[in-house]
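**Student:** This is target17.pdb (PDB, C-alpha atoms, pLDDT in the B column).
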ATOM      1  CA  MET A   1       0.000   0.000   0.000  1.00 76.00           C
ATOM      2  CA  GLU A   2       2.844   2.389   0.837  1.00 86.00           C
ATOM      3  CA  ILE A   3       4.451   1.789  -2.544  1.00 92.00           C
ATOM      4  CA  TYR A   4       1.186   2.756  -4.246  1.00 93.00           C
ATOM      5  CA  MET A   5       1.075   5.947  -2.156  1.00 94.00           C
ATOM      6  CA  TYR A   6       4.632   6.800  -3.178  1.00 95.00           C
ATOM      7  CA  ILE A   7       3.745   6.362  -6.836  1.00 95.00           C
ATOM      8  CA  LEU A   8       0.487   8.270  -6.443  1.00 96.00           C
ATOM      9  CA  SER A   9       2.153  11.222  -4.713  1.00 96.00           C
ATOM     10  CA  PHE A  10       4.780  11.421  -7.462  1.00 97.00           C
ATOM     11  CA  ILE A  11       2.171  11.245 -10.238  1.00 96.00           C
ATOM     12  CA  LEU A  12       0.060  13.885  -8.481  1.00 97.00           C
ATOM     13  CA  GLY A  13       3.136  16.090  -8.279  1.00 97.00           C
ATOM     14  CA  MET A  14       3.809  15.714 -12.010  1.00 96.00           C
ATOM     15  CA  ILE A  15       0.201  16.622 -12.834  1.00 95.00           C
ATOM     16  CA  ILE A  16       0.322  19.660 -10.546  1.00 96.00           C
ATOM     17  CA  GLY A  17       3.711  20.535 -12.054  1.00 96.00           C
ATOM     18  CA  SER A  18       2.097  20.633 -15.500  1.00 94.00           C
ATOM     19  CA  PHE A  19      -0.396  23.187 -14.175  1.00 94.00           C
ATOM     20  CA  LEU A  20       2.427  25.138 -12.533  1.00 96.00           C
ATOM     21  CA  ASN A  21       4.038  25.446 -15.979  1.00 94.00           C
ATOM     22  CA  VAL A  22       0.863  27.157 -17.163  1.00 92.00           C
ATOM     23  CA  CYS A  23       1.005  29.537 -14.192  1.00 94.00           C
ATOM     24  CA  ILE A  24       4.676  30.364 -14.788  1.00 95.00           C
ATOM     25  CA  SER A  25       4.010  31.057 -18.458  1.00 91.00           C
ATOM     26  CA  ARG A  26       0.790  33.038 -18.155  1.00 91.00           C
ATOM     27  CA  LEU A  27       0.856  34.972 -14.880  1.00 92.00           C
ATOM     28  CA  PRO A  28       3.622  37.428 -15.908  1.00 91.00           C
ATOM     29  CA  GLU A  29       1.583  38.175 -19.046  1.00 87.00           C
ATOM     30  CA  ASN A  30      -1.613  38.738 -17.014  1.00 86.00           C
ATOM     31  CA  GLN A  31      -3.305  35.849 -18.818  1.00 86.00           C
ATOM     32  CA  SER A  32      -5.918  33.550 -17.317  1.00 84.00           C
ATOM     33  CA  ILE A  33      -4.606  30.276 -15.900  1.00 85.00           C
ATOM     34  CA  VAL A  34      -8.006  28.581 -15.930  1.00 79.00           C
ATOM     35  CA  THR A  35      -9.359  29.455 -19.372  1.00 78.00           C
ATOM     36  CA  GLY A  36      -7.848  29.178 -22.815  1.00 75.00           C
ATOM     37  CA  PRO A  37      -6.324  26.015 -24.305  1.00 76.00           C
ATOM     38  CA  SER A  38      -2.601  25.281 -24.173  1.00 81.00           C
ATOM     39  CA  SER A  39      -0.768  25.996 -27.403  1.00 81.00           C
ATOM     40  CA  CYS A  40       2.742  25.947 -28.861  1.00 77.00           C
ATOM     41  CA  GLU A  41       4.628  29.156 -28.059  1.00 76.00           C
ATOM     42  CA  ASN A  42       6.212  29.141 -31.528  1.00 77.00           C
ATOM     43  CA  CYS A  43       3.475  28.174 -34.030  1.00 79.00           C
ATOM     44  CA  GLY A  44       0.401  28.787 -31.862  1.00 74.00           C
ATOM     45  CA  LYS A  45      -1.130  25.392 -32.683  1.00 80.00           C
ATOM     46  CA  ARG A  46      -3.483  24.059 -30.021  1.00 82.00           C
ATOM     47  CA  LEU A  47      -1.961  21.178 -28.056  1.00 80.00           C
ATOM     48  CA  LYS A  48      -3.868  17.924 -27.684  1.00 80.00           C
ATOM     49  CA  ALA A  49      -3.893  15.469 -24.789  1.00 79.00           C
ATOM     50  CA  ILE A  50      -1.011  13.512 -26.297  1.00 81.00           C
ATOM     51  CA  ASP A  51       1.133  16.663 -26.089  1.00 80.00           C
ATOM     52  CA  LEU A  52       0.336  17.357 -22.436  1.00 83.00           C
ATOM     53  CA  VAL A  53       1.231  14.157 -20.572  1.00 87.00           C
ATOM     54  CA  PRO A  54       3.763  15.308 -17.929  1.00 87.00           C
ATOM     55  CA  ILE A  55       7.376  14.405 -18.798  1.00 90.00           C
ATOM     56  CA  PHE A  56       6.379  11.525 -21.110  1.00 88.00           C
ATOM     57  CA  SER A  57       5.087  13.803 -23.880  1.00 88.00           C
ATOM     58  CA  TYR A  58       8.396  15.669 -23.860  1.00 87.00           C
ATOM     59  CA  LEU A  59      10.326  12.396 -24.148  1.00 89.00           C
ATOM     60  CA  PHE A  60       7.947  10.876 -26.720  1.00 88.00           C
ATOM     61  CA  LEU A  61       8.110  13.976 -28.943  1.00 85.00           C
ATOM     62  CA  GLY A  62      11.882  14.285 -28.593  1.00 88.00           C
ATOM     63  CA  GLY A  63      11.589  17.690 -26.943  1.00 86.00           C
ATOM     64  CA  LYS A  64       9.998  19.225 -30.045  1.00 87.00           C
ATOM     65  CA  CYS A  65       6.571  20.550 -31.015  1.00 83.00           C
ATOM     66  CA  ARG A  66       4.549  17.913 -32.869  1.00 81.00           C
ATOM     67  CA  HIS A  67       3.457  20.532 -35.442  1.00 79.00           C
ATOM     68  CA  CYS A  68       6.325  22.913 -36.165  1.00 85.00           C
ATOM     69  CA  LYS A  69       9.209  20.839 -34.711  1.00 84.00           C
ATOM     70  CA  SER A  70      10.506  23.805 -32.709  1.00 86.00           C
ATOM     71  CA  LYS A  71      12.359  22.917 -29.523  1.00 89.00           C
ATOM     72  CA  ILE A  72      10.377  22.767 -26.290  1.00 86.00           C
ATOM     73  CA  SER A  73      12.141  24.237 -23.282  1.00 89.00           C
ATOM     74  CA  PHE A  74      13.590  21.639 -20.917  1.00 92.00           C
ATOM     75  CA  VAL A  75      12.178  23.752 -18.090  1.00 93.00           C
ATOM     76  CA  TYR A  76       8.723  22.204 -18.631  1.00 92.00           C
ATOM     77  CA  PRO A  77       9.625  18.575 -17.817  1.00 94.00           C
ATOM     78  CA  LEU A  78      12.064  19.858 -15.184  1.00 96.00           C
ATOM     79  CA  ILE A  79       9.263  21.552 -13.254  1.00 96.00           C
ATOM     80  CA  GLU A  80       6.995  18.520 -13.646  1.00 96.00           C
ATOM     81  CA  GLY A  81       9.692  16.174 -12.376  1.00 96.00           C
ATOM     82  CA  LEU A  82      10.737  18.556  -9.584  1.00 97.00           C
ATOM     83  CA  THR A  83       7.170  18.879  -8.350  1.00 97.00           C
ATOM     84  CA  GLY A  84       6.747  15.092  -8.470  1.00 97.00           C
ATOM     85  CA  VAL A  85       9.890  14.520  -6.395  1.00 97.00           C
ATOM     86  CA  LEU A  86       8.973  17.211  -3.857  1.00 97.00           C
ATOM     87  CA  PHE A  87       5.438  15.832  -3.441  1.00 98.00           C
ATOM     88  CA  LEU A  88       6.916  12.377  -2.841  1.00 97.00           C
ATOM     89  CA  LEU A  89       9.292  13.806  -0.230  1.00 97.00           C
ATOM     90  CA  LEU A  90       6.408  15.646   1.413  1.00 97.00           C
ATOM     91  CA  TYR A  91       4.441  12.421   1.691  1.00 97.00           C
ATOM     92  CA  LEU A  92       7.472  10.652   3.158  1.00 96.00           C
ATOM     93  CA  THR A  93       7.847  13.492   5.687  1.00 95.00           C
ATOM     94  CA  PHE A  94       4.251  14.151   6.713  1.00 95.00           C
ATOM     95  CA  GLY A  95       2.284  11.074   5.656  1.00 94.00           C
ATOM     96  CA  LEU A  96      -1.453  11.444   5.075  1.00 93.00           C
ATOM     97  CA  SER A  97      -2.165  14.532   7.163  1.00 94.00           C
ATOM     98  CA  TYR A  98      -3.418  18.099   7.054  1.00 94.00           C
ATOM     99  CA  SER A  99       0.202  19.243   7.121  1.00 95.00           C
ATOM    100  CA  LEU A 100       0.771  17.346   3.875  1.00 96.00           C
ATOM    101  CA  LEU A 101      -1.948  19.353   2.112  1.00 96.00           C
ATOM    102  CA  VAL A 102      -0.691  22.661   3.488  1.00 96.00           C
ATOM    103  CA  ASN A 103       2.887  21.989   2.452  1.00 97.00           C
ATOM    104  CA  MET A 104       1.880  20.730  -0.994  1.00 97.00           C
ATOM    105  CA  ALA A 105       0.135  24.054  -1.576  1.00 97.00           C
ATOM    106  CA  LEU A 106       3.124  25.985  -0.193  1.00 97.00           C
ATOM    107  CA  VAL A 107       5.675  24.088  -2.287  1.00 98.00           C
ATOM    108  CA  SER A 108       3.597  24.585  -5.449  1.00 97.00           C
ATOM    109  CA  LEU A 109       3.495  28.338  -4.868  1.00 98.00           C
ATOM    110  CA  LEU A 110       7.225  28.469  -4.144  1.00 97.00           C
ATOM    111  CA  ILE A 111       8.012  26.733  -7.444  1.00 98.00           C
ATOM    112  CA  VAL A 112       5.936  29.227  -9.432  1.00 97.00           C
ATOM    113  CA  ILE A 113       7.387  32.187  -7.523  1.00 97.00           C
ATOM    114  CA  SER A 114      10.971  31.007  -8.032  1.00 96.00           C
ATOM    115  CA  PHE A 115      10.782  30.454 -11.781  1.00 96.00           C
ATOM    116  CA  ILE A 116       8.867  33.676 -12.439  1.00 96.00           C
ATOM    117  CA  ASP A 117      11.337  35.664 -10.330  1.00 94.00           C
ATOM    118  CA  LEU A 118      14.285  34.062 -12.120  1.00 93.00           C
ATOM    119  CA  LYS A 119      12.947  35.016 -15.541  1.00 91.00           C
ATOM    120  CA  HIS A 120      11.081  38.272 -14.925  1.00 91.00           C
ATOM    121  CA  MET A 121      12.514  39.586 -11.616  1.00 91.00           C
ATOM    122  CA  ILE A 122       9.017  39.923 -10.146  1.00 92.00           C
ATOM    123  CA  ILE A 123       6.870  38.091  -7.618  1.00 94.00           C
ATOM    124  CA  PRO A 124       3.197  38.532  -8.613  1.00 93.00           C
ATOM    125  CA  ASN A 125       0.954  39.722  -5.784  1.00 93.00           C
ATOM    126  CA  GLY A 126      -1.606  37.061  -6.676  1.00 94.00           C
ATOM    127  CA  LEU A 127       0.824  34.344  -5.590  1.00 96.00           C
ATOM    128  CA  ILE A 128       1.478  36.104  -2.278  1.00 96.00           C
ATOM    129  CA  ILE A 129      -2.273  36.420  -1.707  1.00 96.00           C
ATOM    130  CA  ALA A 130      -2.678  32.693  -2.410  1.00 96.00           C
ATOM    131  CA  MET A 131       0.057  31.900   0.117  1.00 97.00           C
ATOM    132  CA  LEU A 132      -1.556  34.193   2.677  1.00 96.00           C
ATOM    133  CA  ALA A 133      -4.850  32.375   2.083  1.00 97.00           C
ATOM    134  CA  VAL A 134      -3.147  29.063   2.885  1.00 97.00           C
ATOM    135  CA  GLY A 135      -1.722  30.602   6.052  1.00 96.00           C
ATOM    136  CA  VAL A 136      -5.039  32.103   7.139  1.00 96.00           C
ATOM    137  CA  ILE A 137      -6.863  28.791   6.630  1.00 96.00           C
ATOM    138  CA  GLN A 138      -4.197  26.999   8.651  1.00 95.00           C
ATOM    139  CA  LEU A 139      -4.228  29.673  11.377  1.00 95.00           C
ATOM    140  CA  THR A 140      -8.023  29.537  11.636  1.00 95.00           C
ATOM    141  CA  ALA A 141      -7.984  25.736  11.885  1.00 94.00           C
ATOM    142  CA  THR A 142      -5.289  25.954  14.559  1.00 94.00           C
ATOM    143  CA  ILE A 143      -7.203  28.495  16.647  1.00 93.00           C
ATOM    144  CA  PHE A 144     -10.373  26.392  16.711  1.00 92.00           C
ATOM    145  CA  THR A 145      -8.939  22.859  16.735  1.00 91.00           C
ATOM    146  CA  GLY A 146      -5.247  23.087  17.611  1.00 88.00           C
ATOM    147  CA  VAL A 147      -4.519  20.692  14.750  1.00 89.00           C
ATOM    148  CA  PHE A 148      -1.316  22.499  13.773  1.00 90.00           C
ATOM    149  CA  GLY A 149      -0.077  23.256  17.287  1.00 89.00           C
ATOM    150  CA  SER A 150       0.019  26.756  18.771  1.00 90.00           C
ATOM    151  CA  TRP A 151      -1.561  29.519  16.690  1.00 93.00           C
ATOM    152  CA  THR A 152       0.855  32.088  18.169  1.00 94.00           C
ATOM    153  CA  GLU A 153       3.750  30.381  16.393  1.00 94.00           C
ATOM    154  CA  TYR A 154       2.212  31.244  13.018  1.00 95.00           C
ATOM    155  CA  ALA A 155       1.040  34.725  14.000  1.00 95.00           C
ATOM    156  CA  ILE A 156       4.555  35.565  15.206  1.00 95.00           C
ATOM    157  CA  GLY A 157       5.914  33.886  12.079  1.00 95.00           C
ATOM    158  CA  PHE A 158       4.113  36.452   9.941  1.00 95.00           C
ATOM    159  CA  LEU A 159       5.926  39.253  11.748  1.00 94.00           C
ATOM    160  CA  ALA A 160       9.251  37.419  11.973  1.00 93.00           C
ATOM    161  CA  GLY A 161       9.178  36.742   8.246  1.00 92.00           C
ATOM    162  CA  GLY A 162       8.355  40.234   7.057  1.00 89.00           C
ATOM    163  CA  LEU A 163       9.705  42.740   9.578  1.00 89.00           C
ATOM    164  CA  PRO A 164      13.466  41.961   9.329  1.00 84.00           C
ATOM    165  CA  LEU A 165      13.434  42.303   5.540  1.00 83.00           C
ATOM    166  CA  LEU A 166      11.281  45.418   5.757  1.00 86.00           C
ATOM    167  CA  LEU A 167      13.795  46.953   8.170  1.00 86.00           C
ATOM    168  CA  ILE A 168      16.683  46.098   5.837  1.00 81.00           C
ATOM    169  CA  ALA A 169      14.807  47.647   2.902  1.00 79.00           C
ATOM    170  CA  VAL A 170      14.011  50.863   4.804  1.00 82.00           C
ATOM    171  CA  VAL A 171      17.570  51.297   6.109  1.00 79.00           C
ATOM    172  CA  SER A 172      19.087  50.576   2.713  1.00 74.00           C
ATOM    173  CA  THR A 173      16.726  52.904   0.847  1.00 70.00           C
ATOM    174  CA  TYR A 174      16.701  55.914   3.158  1.00 70.00           C
ATOM    175  CA  ILE A 175      20.190  55.753   4.660  1.00 72.00           C
ATOM    176  CA  PHE A 176      22.375  54.140   2.005  1.00 63.00           C
ATOM    177  CA  LYS A 177      20.188  55.355  -0.894  1.00 64.00           C
ATOM    178  CA  LYS A 178      20.214  51.922  -2.480  1.00 66.00           C
ATOM    179  CA  GLU A 179      17.452  49.345  -2.786  1.00 63.00           C
ATOM    180  CA  ALA A 180      18.680  46.087  -1.217  1.00 60.00           C
ATOM    181  CA  MET A 181      15.403  44.216  -0.871  1.00 66.00           C
ATOM    182  CA  GLY A 182      12.408  44.052  -3.176  1.00 70.00           C
ATOM    183  CA  GLY A 183       8.875  44.377  -1.885  1.00 82.00           C
ATOM    184  CA  GLY A 184       8.024  40.956  -3.281  1.00 88.00           C
ATOM    185  CA  ASP A 185      10.700  39.313  -1.127  1.00 91.00           C
ATOM    186  CA  ILE A 186       9.337  41.001   1.999  1.00 91.00           C
ATOM    187  CA  LYS A 187       5.785  39.889   1.268  1.00 94.00           C
ATOM    188  CA  LEU A 188       6.988  36.379   0.396  1.00 95.00           C
ATOM    189  CA  MET A 189       8.662  35.864   3.763  1.00 95.00           C
ATOM    190  CA  ALA A 190       5.766  37.375   5.700  1.00 95.00           C
ATOM    191  CA  ALA A 191       3.309  35.030   3.977  1.00 96.00           C
ATOM    192  CA  ALA A 192       5.657  32.061   4.392  1.00 96.00           C
ATOM    193  CA  GLY A 193       6.045  32.849   8.096  1.00 96.00           C
ATOM    194  CA  LEU A 194       2.290  32.638   8.500  1.00 96.00           C
ATOM    195  CA  VAL A 195       2.396  29.131   7.010  1.00 96.00           C
ATOM    196  CA  ILE A 196       5.526  27.597   8.578  1.00 96.00           C
ATOM    197  CA  GLY A 197       5.860  29.547  11.837  1.00 94.00           C
ATOM    198  CA  TRP A 198       8.538  31.817  13.273  1.00 93.00           C
ATOM    199  CA  LYS A 199      11.236  29.208  13.975  1.00 93.00           C
ATOM    200  CA  LEU A 200      11.250  27.796  10.472  1.00 95.00           C
ATOM    201  CA  VAL A 201      10.900  31.160   8.742  1.00 95.00           C
ATOM    202  CA  ILE A 202      13.971  32.499  10.546  1.00 93.00           C
ATOM    203  CA  THR A 203      15.835  29.333   9.559  1.00 94.00           C
ATOM    204  CA  SER A 204      14.616  29.829   5.981  1.00 95.00           C
ATOM    205  CA  TYR A 205      15.842  33.404   5.949  1.00 91.00           C
ATOM    206  CA  LEU A 206      19.324  32.447   7.185  1.00 92.00           C
ATOM    207  CA  ILE A 207      19.643  29.642   4.622  1.00 94.00           C
ATOM    208  CA  GLY A 208      18.426  31.933   1.839  1.00 93.00           C
ATOM    209  CA  VAL A 209      20.872  34.708   2.741  1.00 90.00           C
ATOM    210  CA  ILE A 210      23.849  32.328   2.949  1.00 93.00           C
ATOM    211  CA  LEU A 211      22.917  30.600  -0.306  1.00 93.00           C
ATOM    212  CA  GLY A 212      22.332  33.911  -2.074  1.00 89.00           C
ATOM    213  CA  ALA A 213      25.696  35.253  -0.886  1.00 89.00           C
ATOM    214  CA  VAL A 214      27.564  32.139  -2.059  1.00 92.00           C
ATOM    215  CA  ILE A 215      25.896  32.136  -5.491  1.00 91.00           C
ATOM    216  CA  GLY A 216      26.434  35.902  -5.786  1.00 87.00           C
ATOM    217  CA  ILE A 217      30.156  35.522  -5.106  1.00 89.00           C
ATOM    218  CA  ILE A 218      30.378  32.723  -7.675  1.00 90.00           C
ATOM    219  CA  LEU A 219      28.569  34.812 -10.308  1.00 86.00           C
ATOM    220  CA  LEU A 220      30.876  37.764  -9.638  1.00 84.00           C
ATOM    221  CA  GLY A 221      33.948  35.541  -9.699  1.00 84.00           C
ATOM    222  CA  THR A 222      32.973  34.011 -13.037  1.00 84.00           C
ATOM    223  CA  LYS A 223      32.045  37.486 -14.356  1.00 78.00           C
ATOM    224  CA  LYS A 224      28.517  36.378 -15.202  1.00 80.00           C
ATOM    225  CA  LYS A 225      27.340  39.242 -13.029  1.00 77.00           C
ATOM    226  CA  ALA A 226      28.949  42.617 -12.352  1.00 74.00           C
ATOM    227  CA  ARG A 227      28.796  44.691  -9.194  1.00 73.00           C
ATOM    228  CA  GLY A 228      25.477  46.496  -9.050  1.00 69.00           C
ATOM    229  CA  ASP A 229      23.652  43.933 -11.184  1.00 74.00           C
ATOM    230  CA  GLU A 230      20.370  42.773  -9.712  1.00 78.00           C
ATOM    231  CA  ILE A 231      20.049  39.131  -8.696  1.00 83.00           C
ATOM    232  CA  PRO A 232      16.580  37.723  -7.934  1.00 88.00           C
ATOM    233  CA  PHE A 233      16.446  36.836  -4.243  1.00 89.00           C
ATOM    234  CA  GLY A 234      13.091  35.050  -4.303  1.00 91.00           C
ATOM    235  CA  PRO A 235      14.508  31.696  -5.487  1.00 94.00           C
ATOM    236  CA  PHE A 236      17.099  31.647  -2.680  1.00 95.00           C
ATOM    237  CA  LEU A 237      14.449  32.426  -0.079  1.00 95.00           C
ATOM    238  CA  SER A 238      12.213  29.737  -1.590  1.00 96.00           C
ATOM    239  CA  ILE A 239      15.016  27.172  -1.377  1.00 96.00           C
ATOM    240  CA  GLY A 240      15.550  28.213   2.234  1.00 96.00           C
ATOM    241  CA  ILE A 241      11.863  27.608   2.940  1.00 97.00           C
ATOM    242  CA  LEU A 242      11.970  24.216   1.208  1.00 96.00           C
ATOM    243  CA  ILE A 243      15.000  23.107   3.200  1.00 96.00           C
ATOM    244  CA  SER A 244      13.343  24.288   6.405  1.00 96.00           C
ATOM    245  CA  ILE A 245      10.176  22.316   5.636  1.00 96.00           C
ATOM    246  CA  PHE A 246      12.160  19.087   5.448  1.00 95.00           C
ATOM    247  CA  LEU A 247      15.153  19.718   7.716  1.00 93.00           C
ATOM    248  CA  GLY A 248      14.330  22.849   9.717  1.00 89.00           C
ATOM    249  CA  ASP A 249      13.709  21.154  13.051  1.00 87.00           C
ATOM    250  CA  THR A 250      16.844  19.024  12.637  1.00 88.00           C
ATOM    251  CA  LEU A 251      18.954  22.103  11.862  1.00 87.00           C
ATOM    252  CA  ILE A 252      17.512  24.006  14.824  1.00 86.00           C
ATOM    253  CA  ASN A 253      18.199  21.122  17.209  1.00 85.00           C
ATOM    254  CA  TRP A 254      21.740  20.769  15.830  1.00 84.00           C
ATOM    255  CA  TYR A 255      22.435  24.475  16.296  1.00 79.00           C
ATOM    256  CA  MET A 256      20.989  24.520  19.815  1.00 79.00           C
ATOM    257  CA  GLY A 257      23.170  21.506  20.611  1.00 82.00           C
ATOM    258  CA  LEU A 258      26.245  23.514  19.614  1.00 76.00           C
ATOM    259  CA  LEU A 259      25.256  26.249  22.044  1.00 72.00           C
TER     260      LEU A 259
END
Give the structure from this file in structure tokens form.
**Tutor:**
Amino acid sequence: MEIYMYILSFILGMIIGSFLNVCISRLPENQSIVTGPSSCENCGKRLKAIDLVPIFSYLFLGGKCRHCKSKISFVYPLIEGLTGVLFLLLYLTFGLSYSLLVNMALVSLLIVISFIDLKHMIIPNGLIIAMLAVGVIQLTATIFTGVFGSWTEYAIGFLAGGLPLLLIAVVSTYIFKKEAMGGGDIKLMAAAGLVIGWKLVITSYLIGVILGAVIGIILLGTKKKARGDEIPFGPFLSIGILISIFLGDTLINWYMGLL
């Protein structure tokens, strides 16, 4: 039975990943994600069911459009496979539980946010609102049932996620006259804090900052980025949140053990 659940969670992740591809493609263009058929970005031909099977269609078609033979971006099967793997890991971590549903929703939003921020340097407000909705539903359920533990952990998480970045942004803008933190990043961490709580959101922030600094140094060292160039911070924060979902408590206990 467990093996079937592993397979099912992976397949569900691939299917959701296919929908996430639609979100990543359409949201920056202010297009509807629920209406309008999928079509080839090059020739505009409407795609049929055979073209839309997650991962397998890409492999079956050789990574090319069935109509015009133009190359299909590898990002599409990558996102489908990534979502499948993450959903499987979530099931292994949380089992069949309310926490599984909450974290599946959170991970899906983080994937969309990361890839949009990487390509367009923006985090759409609609995605932040969706994440806040997940947090509010969880907070409400916690207040009335206690199913997710203490509601104060998530309420404080909202503040712990947003206020530090807001302070950095204000100091940088008004004292150093340089924007160091985008508004989307601030809203992302505030919303994430409402979902994962203050301990994990602080852990997420630290991981994101360290990872961003390391990648930034590498990009500068390889001259792929110059000083003053903007680097999207949303993906690093999202990775920090993902790591905290799976390993946050372990990392916190390890750090407290060192103290």
**Student:** Rank A:Asn125, A:Ser97, A:Ser9, A:Asn253 by their smallest atom-to-atom distance to Lys187 (chain A), using only C-alpha atoms, and report the top residue only.
**Tutor:**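 Using only C-alpha atoms, Lys187 (chain A) sits closest to A:Asn125.
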**Student:** Could you write out as a list in words the residues that the PyMOL selection byres ((chain A and resi 186) around 9) matches in the shown file?
**Tutor:** Gly161, Gly162, Leu163, Pro164, Leu165, Leu166, Ala169, Met181, Gly182, Gly183, Gly184, Asp185, Lys187, Leu188, Met189, Ala190 and Ala191 of chain A
**Student:** I need the residue nearest Leu86 (chain A) from this list: A:Ile243, A:Cys68, A:Ser57, A:Ser172. Use all atoms listed in the file for the distance.
**Tutor:**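 Result for the nearest residue to Leu86 (chain A): A:Ile243.
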**Student:** Please write the residues picked by the PyMOL selection byres ((chain A and resi 248) around 12) on this file as a count of residues only.
**Tutor:** 28
**Student:** Please, what distance in Å, to one decimal, runs between CA of Cys23 (chain A) and CA of Met121 (chain A)?
**Tutor:**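 Atom-to-atom, CA of Cys23 (chain A) to CA of Met121 (chain A), that is 15.5 Å.
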**Student:** I'd like the residues picked by the PyMOL selection byres ((chain A and resi 48) around 10) written out as a PyMOL selection string, using the chain letters and numbers from the file.
**Tutor:** chain A and resi 37-39+45-47+49-53+66
**Student:** Store the residues of this selection in a file with C-alpha atoms, as a tab-separated table (two decimals), keeping the file's coordinate frame.
**Tutor:**
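Output contents, as saved in part-v3.tsv:
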chain	number	residue	atom	x	y	z
A	37	PRO	CA	-6.32	26.02	-24.30
A	38	SER	CA	-2.60	25.28	-24.17
A	39	SER	CA	-0.77	26.00	-27.40
A	45	LYS	CA	-1.13	25.39	-32.68
A	46	ARG	CA	-3.48	24.06	-30.02
A	47	LEU	CA	-1.96	21.18	-28.06
A	49	ALA	CA	-3.89	15.47	-24.79
A	50	ILE	CA	-1.01	13.51	-26.30
A	51	ASP	CA	1.13	16.66	-26.09
A	52	LEU	CA	0.34	17.36	-22.44
A	53	VAL	CA	1.23	14.16	-20.57
A	66	ARG	CA	4.55	17.91	-32.87
**Student:** Closest to Met131 (chain A) among A:Ile15, A:Val85, A:Met104, A:Val195, using only C-alpha atoms?
**Tutor:**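 Checking each of A:Ile15, A:Val85, A:Met104, A:Val195 against Met131 (chain A), counting only C-alpha atoms, the winner is A:Val195.
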**Student:** Show which residues sit within 8 Å of Pro124 (chain A), as a list in words. Count only C-alpha atoms, and ignore same-chain residues fewer than 3 positions away.
**Tutor:**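 With the cut-off at 8 Å, the set is Leu27, Pro28, Ile113, Leu127, Ile128 and Gly184 of chain A.
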**Student:** Quick one: of A:Leu101, A:Ile3, A:Leu109, A:Cys40, who's nearest to Leu20 (chain A), counting only C-alpha atoms?
**Tutor:**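 For Leu20 (chain A), the nearest of the candidates is A:Leu109.
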**Student:** Name the closest residue to Gly193 (chain A) among the candidates A:Val134, A:Val209, A:Leu12, A:Leu96; distances are taken between atoms, counting only C-alpha atoms.
**Tutor:**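 Comparing A:Val134, A:Val209, A:Leu12, A:Leu96 against Gly193 (chain A), the winner is A:Val134.
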**Student:** Find the distance between CA of Trp151 (chain A) and CA of Asn103 (chain A) and write it in Å to one decimal.
**Tutor:** 16.7 Å
**Student:** With only C-alpha atoms as the basis for distance, which of A:Ile175, A:Ile33, A:Ile7, A:Leu59 is at the shortest distance from Gly126 (chain A)?
**Tutor:**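 That would be A:Ile33, the residue with the smallest distance to Gly126 (chain A).
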**Student:** Provide the CA of Gly208 (chain A) to CA of Lys225 (chain A) distance in Å, to one decimal place.
**Tutor:**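 Straight-line distance from CA of Gly208 (chain A) to CA of Lys225 (chain A) works out to 18.8 Å.
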**Student:** Neighbours of Asp229 (chain A) within 12 Å (only C-alpha atoms; same-chain residues fewer than 2 positions away dropped), as a ChimeraX atom specification?
**Tutor:** /A:121,179-180,216,219-220,223-227,231-232
**Student:** Fix up region 130-137 of chain A with N, CA, C and O atoms, then write it as an mmCIF file, keeping the file's coordinate frame.
**Tutor:**
data_model
loop_
_atom_site.group_PDB
_atom_site.id
_atom_site.type_symbol
_atom_site.label_atom_id
_atom_site.label_comp_id
_atom_site.auth_asym_id
_atom_site.auth_seq_id
_atom_site.Cartn_x
_atom_site.Cartn_y
_atom_site.Cartn_z
ATOM 1 N N ALA A 130 -2.351 34.118 -2.513
ATOM 2 C CA ALA A 130 -2.678 32.693 -2.410
ATOM 3 C C ALA A 130 -1.961 32.059 -1.227
ATOM 4 O O ALA A 130 -2.540 31.251 -0.488
ATOM 5 N N MET A 131 -0.692 32.439 -1.011
ATOM 6 C CA MET A 131 0.057 31.900 0.117
ATOM 7 C C MET A 131 -0.523 32.395 1.435
ATOM 8 O O MET A 131 -0.603 31.641 2.420
ATOM 9 N N LEU A 132 -0.910 33.655 1.473
ATOM 10 C CA LEU A 132 -1.556 34.193 2.677
ATOM 11 C C LEU A 132 -2.861 33.451 2.966
ATOM 12 O O LEU A 132 -3.185 33.196 4.132
ATOM 13 N N ALA A 133 -3.595 33.113 1.901
ATOM 14 C CA ALA A 133 -4.850 32.375 2.083
ATOM 15 C C ALA A 133 -4.586 31.014 2.720
ATOM 16 O O ALA A 133 -5.322 30.588 3.620
ATOM 17 N N VAL A 134 -3.520 30.342 2.275
ATOM 18 C CA VAL A 134 -3.147 29.063 2.885
ATOM 19 C C VAL A 134 -2.833 29.257 4.362
ATOM 20 O O VAL A 134 -3.274 28.482 5.222
ATOM 21 N N GLY A 135 -2.087 30.328 4.667
ATOM 22 C CA GLY A 135 -1.722 30.602 6.052
ATOM 23 C C GLY A 135 -2.925 30.933 6.915
ATOM 24 O O GLY A 135 -3.011 30.492 8.067
ATOM 25 N N VAL A 136 -3.849 31.722 6.377
ATOM 26 C CA VAL A 136 -5.039 32.103 7.139
ATOM 27 C C VAL A 136 -5.914 30.888 7.425
ATOM 28 O O VAL A 136 -6.435 30.729 8.535
ATOM 29 N N ILE A 137 -6.074 30.015 6.428
ATOM 30 C CA ILE A 137 -6.863 28.791 6.630
ATOM 31 C C ILE A 137 -6.228 27.930 7.723
ATOM 32 O O ILE A 137 -6.901 27.410 8.618
#
